[in-house]
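**Student:** Got a structure for you, work18.pdb, holding PDB, N, CA and C atoms.
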```pdb
ATOM      1  N   MET A1479     -32.679  21.380  38.013
ATOM      2  CA  MET A1479     -33.248  21.340  39.347
ATOM      3  C   MET A1479     -32.132  20.980  40.319
ATOM      4  N   GLU A1480     -32.058  21.652  41.435
ATOM      5  CA  GLU A1480     -31.001  21.406  42.398
ATOM      6  C   GLU A1480     -31.282  20.148  43.202
ATOM      7  N   ALA A1481     -30.228  19.345  43.384
ATOM      8  CA  ALA A1481     -30.349  18.117  44.156
ATOM      9  C   ALA A1481     -30.378  18.415  45.651
ATOM     10  N   THR A1482     -30.133  19.668  46.041
ATOM     11  CA  THR A1482     -30.087  20.017  47.456
ATOM     12  C   THR A1482     -31.457  20.337  48.034
ATOM     13  N   LEU A1483     -32.493  20.271  47.227
ATOM     14  CA  LEU A1483     -33.841  20.481  47.745
ATOM     15  C   LEU A1483     -34.192  19.358  48.715
ATOM     16  N   PRO A1484     -34.933  19.682  49.772
ATOM     17  CA  PRO A1484     -35.397  18.609  50.664
ATOM     18  C   PRO A1484     -36.200  17.587  49.857
ATOM     19  N   ARG A1485     -36.106  16.337  50.234
ATOM     20  CA  ARG A1485     -36.744  15.261  49.469
ATOM     21  C   ARG A1485     -38.222  15.476  49.198
ATOM     22  N   GLU A1486     -38.951  15.903  50.202
ATOM     23  CA  GLU A1486     -40.396  16.103  50.019
ATOM     24  C   GLU A1486     -40.663  17.204  48.996
ATOM     25  N   LEU A1487     -39.910  18.298  49.069
ATOM     26  CA  LEU A1487     -40.080  19.385  48.103
ATOM     27  C   LEU A1487     -39.681  18.924  46.708
ATOM     28  N   LEU A1488     -38.633  18.146  46.618
ATOM     29  CA  LEU A1488     -38.200  17.614  45.333
ATOM     30  C   LEU A1488     -39.274  16.714  44.723
ATOM     31  N   ARG A1489     -39.893  15.876  45.562
ATOM     32  CA  ARG A1489     -40.989  15.023  45.068
ATOM     33  C   ARG A1489     -42.168  15.866  44.603
ATOM     34  N   ASP A1490     -42.493  16.914  45.353
ATOM     35  CA  ASP A1490     -43.599  17.797  44.968
ATOM     36  C   ASP A1490     -43.324  18.472  43.628
ATOM     37  N   ARG A1491     -42.107  18.975  43.443
ATOM     38  CA  ARG A1491     -41.738  19.629  42.176
ATOM     39  C   ARG A1491     -41.771  18.630  41.024
ATOM     40  N   THR A1492     -41.273  17.426  41.294
ATOM     41  CA  THR A1492     -41.261  16.387  40.266
ATOM     42  C   THR A1492     -42.689  16.041  39.856
ATOM     43  N   ALA A1493     -43.575  15.910  40.818
ATOM     44  CA  ALA A1493     -44.980  15.606  40.520
ATOM     45  C   ALA A1493     -45.632  16.736  39.736
ATOM     46  N   ALA A1494     -45.306  17.984  40.056
ATOM     47  CA  ALA A1494     -45.870  19.131  39.335
ATOM     48  C   ALA A1494     -45.420  19.121  37.873
ATOM     49  N   ILE A1495     -44.174  18.779  37.638
ATOM     50  CA  ILE A1495     -43.667  18.692  36.264
ATOM     51  C   ILE A1495     -44.363  17.550  35.528
ATOM     52  N   ALA A1496     -44.508  16.415  36.192
ATOM     53  CA  ALA A1496     -45.173  15.267  35.565
ATOM     54  C   ALA A1496     -46.623  15.609  35.210
ATOM     55  N   ARG A1497     -47.328  16.291  36.107
ATOM     56  CA  ARG A1497     -48.719  16.688  35.822
ATOM     57  C   ARG A1497     -48.774  17.645  34.632
ATOM     58  N   ALA A1498     -47.824  18.567  34.568
ATOM     59  CA  ALA A1498     -47.815  19.531  33.465
ATOM     60  C   ALA A1498     -47.563  18.839  32.130
ATOM     61  N   LEU A1499     -46.813  17.747  32.148
ATOM     62  CA  LEU A1499     -46.517  17.019  30.915
ATOM     63  C   LEU A1499     -47.614  16.020  30.552
ATOM     64  N   ALA A1500     -48.591  15.854  31.413
ATOM     65  CA  ALA A1500     -49.621  14.826  31.224
ATOM     66  C   ALA A1500     -50.767  15.300  30.338
ATOM     67  N   ASP A1501     -50.447  15.961  29.240
ATOM     68  CA  ASP A1501     -51.477  16.426  28.321
ATOM     69  C   ASP A1501     -50.895  16.432  26.912
ATOM     70  N   PRO A1502     -51.560  15.792  25.949
ATOM     71  CA  PRO A1502     -51.021  15.724  24.583
ATOM     72  C   PRO A1502     -50.765  17.087  23.939
ATOM     73  N   LYS A1503     -51.623  18.064  24.188
ATOM     74  CA  LYS A1503     -51.412  19.398  23.598
ATOM     75  C   LYS A1503     -50.154  20.045  24.174
ATOM     76  N   ARG A1504     -49.940  19.872  25.484
ATOM     77  CA  ARG A1504     -48.746  20.463  26.096
ATOM     78  C   ARG A1504     -47.485  19.773  25.581
ATOM     79  N   LEU A1505     -47.569  18.482  25.306
ATOM     80  CA  LEU A1505     -46.427  17.788  24.710
ATOM     81  C   LEU A1505     -46.163  18.326  23.305
ATOM     82  N   CYS A1506     -47.212  18.636  22.585
ATOM     83  CA  CYS A1506     -47.072  19.240  21.257
ATOM     84  C   CYS A1506     -46.414  20.621  21.371
ATOM     85  N   VAL A1507     -46.759  21.360  22.401
ATOM     86  CA  VAL A1507     -46.127  22.655  22.649
ATOM     87  C   VAL A1507     -44.626  22.458  22.869
ATOM     88  N   LEU A1508     -44.258  21.440  23.651
ATOM     89  CA  LEU A1508     -42.833  21.153  23.879
ATOM     90  C   LEU A1508     -42.116  20.869  22.572
ATOM     91  N   GLU A1509     -42.729  20.044  21.739
ATOM     92  CA  GLU A1509     -42.125  19.712  20.447
ATOM     93  C   GLU A1509     -41.904  20.972  19.617
ATOM     94  N   THR A1510     -42.888  21.849  19.627
ATOM     95  CA  THR A1510     -42.789  23.088  18.848
ATOM     96  C   THR A1510     -41.727  24.014  19.421
ATOM     97  N   LEU A1511     -41.698  24.161  20.750
ATOM     98  CA  LEU A1511     -40.711  25.036  21.373
ATOM     99  C   LEU A1511     -39.295  24.471  21.270
ATOM    100  N   ALA A1512     -39.169  23.184  21.043
ATOM    101  CA  ALA A1512     -37.845  22.586  20.840
ATOM    102  C   ALA A1512     -37.190  23.169  19.587
ATOM    103  N   GLU A1513     -38.029  23.656  18.663
ATOM    104  CA  GLU A1513     -37.535  24.263  17.428
ATOM    105  C   GLU A1513     -37.177  25.731  17.625
ATOM    106  N   GLY A1514     -37.582  26.320  18.746
ATOM    107  CA  GLY A1514     -37.260  27.719  19.021
ATOM    108  C   GLY A1514     -38.409  28.472  19.640
ATOM    109  N   GLU A1515     -38.099  29.660  20.081
ATOM    110  CA  GLU A1515     -39.048  30.544  20.756
ATOM    111  C   GLU A1515     -40.238  30.863  19.852
ATOM    112  N   ARG A1516     -41.426  30.952  20.474
ATOM    113  CA  ARG A1516     -42.653  31.257  19.731
ATOM    114  C   ARG A1516     -43.541  32.176  20.567
ATOM    115  N   SER A1517     -44.362  32.955  19.868
ATOM    116  CA  SER A1517     -45.392  33.758  20.545
ATOM    117  C   SER A1517     -46.605  32.866  20.782
ATOM    118  N   VAL A1518     -47.530  33.350  21.608
ATOM    119  CA  VAL A1518     -48.759  32.599  21.884
ATOM    120  C   VAL A1518     -49.529  32.361  20.588
ATOM    121  N   SER A1519     -49.644  33.392  19.760
ATOM    122  CA  SER A1519     -50.410  33.234  18.523
ATOM    123  C   SER A1519     -49.727  32.253  17.570
ATOM    124  N   ASP A1520     -48.403  32.295  17.497
ATOM    125  CA  ASP A1520     -47.683  31.327  16.661
ATOM    126  C   ASP A1520     -47.906  29.898  17.166
ATOM    127  N   LEU A1521     -47.800  29.726  18.474
ATOM    128  CA  LEU A1521     -48.026  28.397  19.057
ATOM    129  C   LEU A1521     -49.449  27.924  18.796
ATOM    130  N   SER A1522     -50.418  28.818  18.971
ATOM    131  CA  SER A1522     -51.824  28.452  18.741
ATOM    132  C   SER A1522     -52.024  27.940  17.323
ATOM    133  N   ARG A1523     -51.448  28.656  16.375
ATOM    134  CA  ARG A1523     -51.590  28.276  14.966
ATOM    135  C   ARG A1523     -50.862  26.953  14.678
ATOM    136  N   GLU A1524     -49.629  26.825  15.150
ATOM    137  CA  GLU A1524     -48.827  25.636  14.848
ATOM    138  C   GLU A1524     -49.340  24.372  15.543
ATOM    139  N   VAL A1525     -49.842  24.538  16.761
ATOM    140  CA  VAL A1525     -50.315  23.386  17.546
ATOM    141  C   VAL A1525     -51.769  23.063  17.225
ATOM    142  N   GLY A1526     -52.512  24.058  16.718
ATOM    143  CA  GLY A1526     -53.925  23.842  16.407
ATOM    144  C   GLY A1526     -54.796  23.942  17.645
ATOM    145  N   CYS A1527     -54.656  25.048  18.347
ATOM    146  CA  CYS A1527     -55.356  25.256  19.609
ATOM    147  C   CYS A1527     -55.758  26.730  19.680
ATOM    148  N   GLN A1528     -56.971  27.029  20.121
ATOM    149  CA  GLN A1528     -57.417  28.410  20.252
ATOM    150  C   GLN A1528     -56.524  29.156  21.247
ATOM    151  N   VAL A1529     -56.343  30.459  21.032
ATOM    152  CA  VAL A1529     -55.455  31.264  21.881
ATOM    153  C   VAL A1529     -55.802  31.165  23.374
ATOM    154  N   PRO A1530     -57.083  31.275  23.776
ATOM    155  CA  PRO A1530     -57.371  31.154  25.219
ATOM    156  C   PRO A1530     -56.936  29.802  25.792
ATOM    157  N   ASN A1531     -57.172  28.730  25.054
ATOM    158  CA  ASN A1531     -56.751  27.410  25.527
ATOM    159  C   ASN A1531     -55.235  27.304  25.557
ATOM    160  N   MET A1532     -54.565  27.861  24.542
ATOM    161  CA  MET A1532     -53.110  27.839  24.502
ATOM    162  C   MET A1532     -52.542  28.591  25.696
ATOM    163  N   SER A1533     -53.130  29.733  26.005
ATOM    164  CA  SER A1533     -52.677  30.521  27.150
ATOM    165  C   SER A1533     -52.779  29.715  28.439
ATOM    166  N   GLN A1534     -53.850  28.934  28.558
ATOM    167  CA  GLN A1534     -54.025  28.103  29.751
ATOM    168  C   GLN A1534     -52.957  27.004  29.802
ATOM    169  N   HIS A1535     -52.696  26.354  28.676
ATOM    170  CA  HIS A1535     -51.648  25.327  28.628
ATOM    171  C   HIS A1535     -50.290  25.929  28.983
ATOM    172  N   LEU A1536     -50.008  27.103  28.431
ATOM    173  CA  LEU A1536     -48.726  27.752  28.703
ATOM    174  C   LEU A1536     -48.605  28.159  30.162
ATOM    175  N   SER A1537     -49.699  28.544  30.769
ATOM    176  CA  SER A1537     -49.694  28.887  32.187
ATOM    177  C   SER A1537     -49.313  27.677  33.043
ATOM    178  N   VAL A1538     -49.866  26.512  32.700
ATOM    179  CA  VAL A1538     -49.531  25.280  33.429
ATOM    180  C   VAL A1538     -48.048  24.970  33.261
ATOM    181  N   LEU A1539     -47.543  25.075  32.039
ATOM    182  CA  LEU A1539     -46.130  24.785  31.777
ATOM    183  C   LEU A1539     -45.214  25.792  32.472
ATOM    184  N   ARG A1540     -45.640  27.036  32.508
ATOM    185  CA  ARG A1540     -44.830  28.066  33.165
ATOM    186  C   ARG A1540     -44.809  27.865  34.680
ATOM    187  N   THR A1541     -45.959  27.563  35.259
ATOM    188  CA  THR A1541     -46.027  27.322  36.704
ATOM    189  C   THR A1541     -45.135  26.157  37.114
ATOM    190  N   ALA A1542     -45.039  25.151  36.250
ATOM    191  CA  ALA A1542     -44.187  23.989  36.528
ATOM    192  C   ALA A1542     -42.714  24.275  36.246
ATOM    193  N   GLY A1543     -42.421  25.440  35.689
ATOM    194  CA  GLY A1543     -41.039  25.792  35.414
ATOM    195  C   GLY A1543     -40.492  25.196  34.125
ATOM    196  N   ILE A1544     -41.390  24.749  33.251
ATOM    197  CA  ILE A1544     -40.983  24.091  32.004
ATOM    198  C   ILE A1544     -40.719  25.106  30.902
ATOM    199  N   VAL A1545     -41.485  26.192  30.888
ATOM    200  CA  VAL A1545     -41.260  27.240  29.899
ATOM    201  C   VAL A1545     -40.947  28.562  30.595
ATOM    202  N   ALA A1546     -40.263  29.419  29.864
ATOM    203  CA  ALA A1546     -39.942  30.767  30.341
ATOM    204  C   ALA A1546     -40.465  31.750  29.296
ATOM    205  N   THR A1547     -40.584  33.006  29.693
ATOM    206  CA  THR A1547     -41.152  34.008  28.794
ATOM    207  C   THR A1547     -40.211  35.192  28.609
ATOM    208  N   ARG A1548     -40.493  35.903  27.532
ATOM    209  CA  ARG A1548     -39.828  37.164  27.227
ATOM    210  C   ARG A1548     -40.876  38.053  26.572
ATOM    211  N   ARG A1549     -40.935  39.299  27.006
ATOM    212  CA  ARG A1549     -41.927  40.223  26.457
ATOM    213  C   ARG A1549     -41.232  41.191  25.505
ATOM    214  N   GLU A1550     -41.883  41.370  24.355
ATOM    215  CA  GLU A1550     -41.420  42.353  23.373
ATOM    216  C   GLU A1550     -42.636  43.178  22.993
ATOM    217  N   GLY A1551     -42.741  44.383  23.556
ATOM    218  CA  GLY A1551     -43.947  45.192  23.376
ATOM    219  C   GLY A1551     -45.115  44.494  24.028
ATOM    220  N   SER A1552     -46.169  44.248  23.257
ATOM    221  CA  SER A1552     -47.345  43.570  23.808
ATOM    222  C   SER A1552     -47.309  42.057  23.547
ATOM    223  N   THR A1553     -46.251  41.587  22.885
ATOM    224  CA  THR A1553     -46.151  40.168  22.538
ATOM    225  C   THR A1553     -45.290  39.436  23.550
ATOM    226  N   VAL A1554     -45.802  38.298  24.023
ATOM    227  CA  VAL A1554     -45.046  37.447  24.947
ATOM    228  C   VAL A1554     -44.534  36.245  24.159
ATOM    229  N   PHE A1555     -43.246  36.004  24.269
ATOM    230  CA  PHE A1555     -42.613  34.875  23.601
ATOM    231  C   PHE A1555     -42.278  33.800  24.629
ATOM    232  N   TYR A1556     -42.482  32.557  24.246
ATOM    233  CA  TYR A1556     -42.215  31.418  25.119
ATOM    234  C   TYR A1556     -41.060  30.604  24.565
ATOM    235  N   ARG A1557     -40.296  30.028  25.490
ATOM    236  CA  ARG A1557     -39.189  29.133  25.149
ATOM    237  C   ARG A1557     -39.081  28.084  26.243
ATOM    238  N   LEU A1558     -38.388  26.997  25.953
ATOM    239  CA  LEU A1558     -38.146  25.993  26.980
ATOM    240  C   LEU A1558     -37.219  26.584  28.031
ATOM    241  N   ALA A1559     -37.565  26.418  29.290
ATOM    242  CA  ALA A1559     -36.751  26.958  30.370
ATOM    243  C   ALA A1559     -35.478  26.148  30.545
ATOM    244  N   ASP A1560     -35.547  24.858  30.243
ATOM    245  CA  ASP A1560     -34.397  23.969  30.393
ATOM    246  C   ASP A1560     -34.489  22.903  29.326
ATOM    247  N   PRO A1561     -33.478  22.778  28.471
ATOM    248  CA  PRO A1561     -33.538  21.774  27.404
ATOM    249  C   PRO A1561     -33.618  20.331  27.922
ATOM    250  N   GLN A1562     -33.306  20.110  29.186
ATOM    251  CA  GLN A1562     -33.393  18.758  29.742
ATOM    252  C   GLN A1562     -34.816  18.227  29.726
ATOM    253  N   VAL A1563     -35.801  19.126  29.678
ATOM    254  CA  VAL A1563     -37.188  18.670  29.634
ATOM    255  C   VAL A1563     -37.432  17.837  28.377
ATOM    256  N   LEU A1564     -36.700  18.114  27.312
ATOM    257  CA  LEU A1564     -36.829  17.301  26.094
ATOM    258  C   LEU A1564     -36.315  15.883  26.315
ATOM    259  N   GLU A1565     -35.299  15.750  27.141
ATOM    260  CA  GLU A1565     -34.796  14.411  27.475
ATOM    261  C   GLU A1565     -35.858  13.625  28.241
ATOM    262  N   ILE A1566     -36.533  14.301  29.157
ATOM    263  CA  ILE A1566     -37.621  13.661  29.906
ATOM    264  C   ILE A1566     -38.689  13.178  28.929
ATOM    265  N   TYR A1567     -39.065  14.055  28.018
ATOM    266  CA  TYR A1567     -40.104  13.728  27.031
ATOM    267  C   TYR A1567     -39.671  12.548  26.178
ATOM    268  N   ARG A1568     -38.439  12.548  25.718
ATOM    269  CA  ARG A1568     -37.951  11.434  24.885
ATOM    270  C   ARG A1568     -37.950  10.120  25.662
ATOM    271  N   LEU A1569     -37.583  10.170  26.930
ATOM    272  CA  LEU A1569     -37.628   8.959  27.751
ATOM    273  C   LEU A1569     -39.050   8.454  27.917
ATOM    274  N   LEU A1570     -39.990   9.366  28.124
ATOM    275  CA  LEU A1570     -41.392   8.972  28.237
ATOM    276  C   LEU A1570     -41.884   8.329  26.935
ATOM    277  N   GLN A1571     -41.453   8.886  25.810
ATOM    278  CA  GLN A1571     -41.832   8.310  24.512
ATOM    279  C   GLN A1571     -41.272   6.893  24.363
ATOM    280  N   GLN A1572     -40.040   6.673  24.814
ATOM    281  CA  GLN A1572     -39.444   5.336  24.723
ATOM    282  C   GLN A1572     -40.211   4.341  25.594
ATOM    283  N   VAL A1573     -40.564   4.763  26.794
ATOM    284  CA  VAL A1573     -41.318   3.881  27.690
ATOM    285  C   VAL A1573     -42.701   3.591  27.104
ATOM    286  N   ALA A1574     -43.305   4.607  26.474
ATOM    287  CA  ALA A1574     -44.631   4.442  25.888
ATOM    288  C   ALA A1574     -44.613   3.498  24.684
ATOM    289  N   GLY A1575     -43.445   3.328  24.113
ATOM    290  CA  GLY A1575     -43.296   2.339  23.057
ATOM    291  C   GLY A1575     -43.343   2.870  21.685
TER     292      GLY A1575
END
```
Take the structure in the file and give it back as structure tokens.
**Tutor:**
Amino acid sequence: MEATLPRELLRDRTAAIARALADPKRLCVLETLAEGERSVSDLSREVGCQVPNMSQHLSVLRTAGIVATRREGSTVFYRLADPQVLEIYRLLQQVAG
């Protein structure tokens, strides 16, 4: 994230990222994507979430800029947009105890 964003916009983006991370299933998605790119169906199976619900979680993460996509035919693959998000997650885990 660029430090040159106006402060208010930076706070808004930061809050959007925090809201996107405020769900245990989405945190599980982060853990899974830390291991590498996955399709929606792979994520659904590995995380234990129905495909429609997984798609909704991925939409929230994508809107926040946490995940990025790549399309191969009819399959959409997801990956972490920035590995620094894992550092954020690890810090939150440390604070949580």
**Student:** With 4 Å added on each side, what axis-aligned box encloses every listed atom of range 1565-1572 of chain A? Give the centre and edge lengths in Å to one decimal, as lines of an AutoDock Vina configuration file.
**Tutor:**
```
center_x = -38.3
center_y = 10.0
center_z = 27.1
size_x = 15.1
size_y = 19.4
size_z = 13.5
```
**Student:** So the first atom is atom C of Ala1493 in chain A and the second is atom N of Val1573 in chain A; what is the distance between them in Å, to one decimal place?
**Tutor:** 18.3 Å
**Student:** One decimal, in Å: what's the spacing between atom N of Ala1494 in chain A and atom N of Glu1509 in chain A?
**Tutor:**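 According to the coordinates, atom N of Ala1494 in chain A and atom N of Glu1509 in chain A are separated by 18.6 Å.
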**Student:** Quick one: apply the PyMOL selection byres (((chain A and resi 1553-1564 and name CA) around 7) and name CA) to the file and drop the selected residues here as a PyMOL selection string.
**Tutor:** chain A and resi 1511+1514-1518+1543-1552+1565-1568
**Student:** Starting from the displayed file, determine the output of the PyMOL selection byres (((chain A and resi 1524 and name CA) around 12) and name CA) and express the residue list as a list in words.
**Tutor:**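 Against this file, the PyMOL selection byres (((chain A and resi 1524 and name CA) around 12) and name CA) returns the residues Lys1503, Cys1506, Val1507, Leu1508, Glu1509, Thr1510, Leu1511, Glu1513, Arg1516, Ser1517, Val1518, Ser1519, Asp1520, Leu1521, Ser1522, Arg1523, Val1525, Gly1526, Cys1527, Gln1528, Val1529 and Met1532 of chain A.
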**Student:** Expressed in Å to a single decimal, how great is the separation between CA of Asn1531 in chain A and CA of Ile1495 in chain A?
**Tutor:**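 Distance between the two atoms: 19.0 Å.
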**Student:** For the structure I just gave you, how does DSSP split chain A - specifically, which residues are strand (DSSP E)? Reply as a list in words.
**Tutor:**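 The strand (DSSP E) residues within chain A come out as Arg1516, Ser1517, Val1545, Ala1546, Thr1547, Arg1548, Arg1549, Glu1550, Thr1553, Val1554, Phe1555, Tyr1556, Arg1557 and Leu1558 of chain A.
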**Student:** Go through A:Ala1574, A:Leu1483, A:Leu1569, A:Leu1539 one by one, measure the shortest atom-to-atom distance of each to Ala1498 in chain A using all atoms listed in the file, and give the residue with the smallest value.
**Tutor:**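 With all atoms listed in the file as the atom set, the closest residue is A:Leu1539.
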**Student:** Among chain A, which ones does DSSP place in helix (DSSP H, G or I), written as a PyMOL selection string?
**Tutor:** chain A and resi 1485-1499+1502-1511+1518-1525+1529-1541+1562-1574
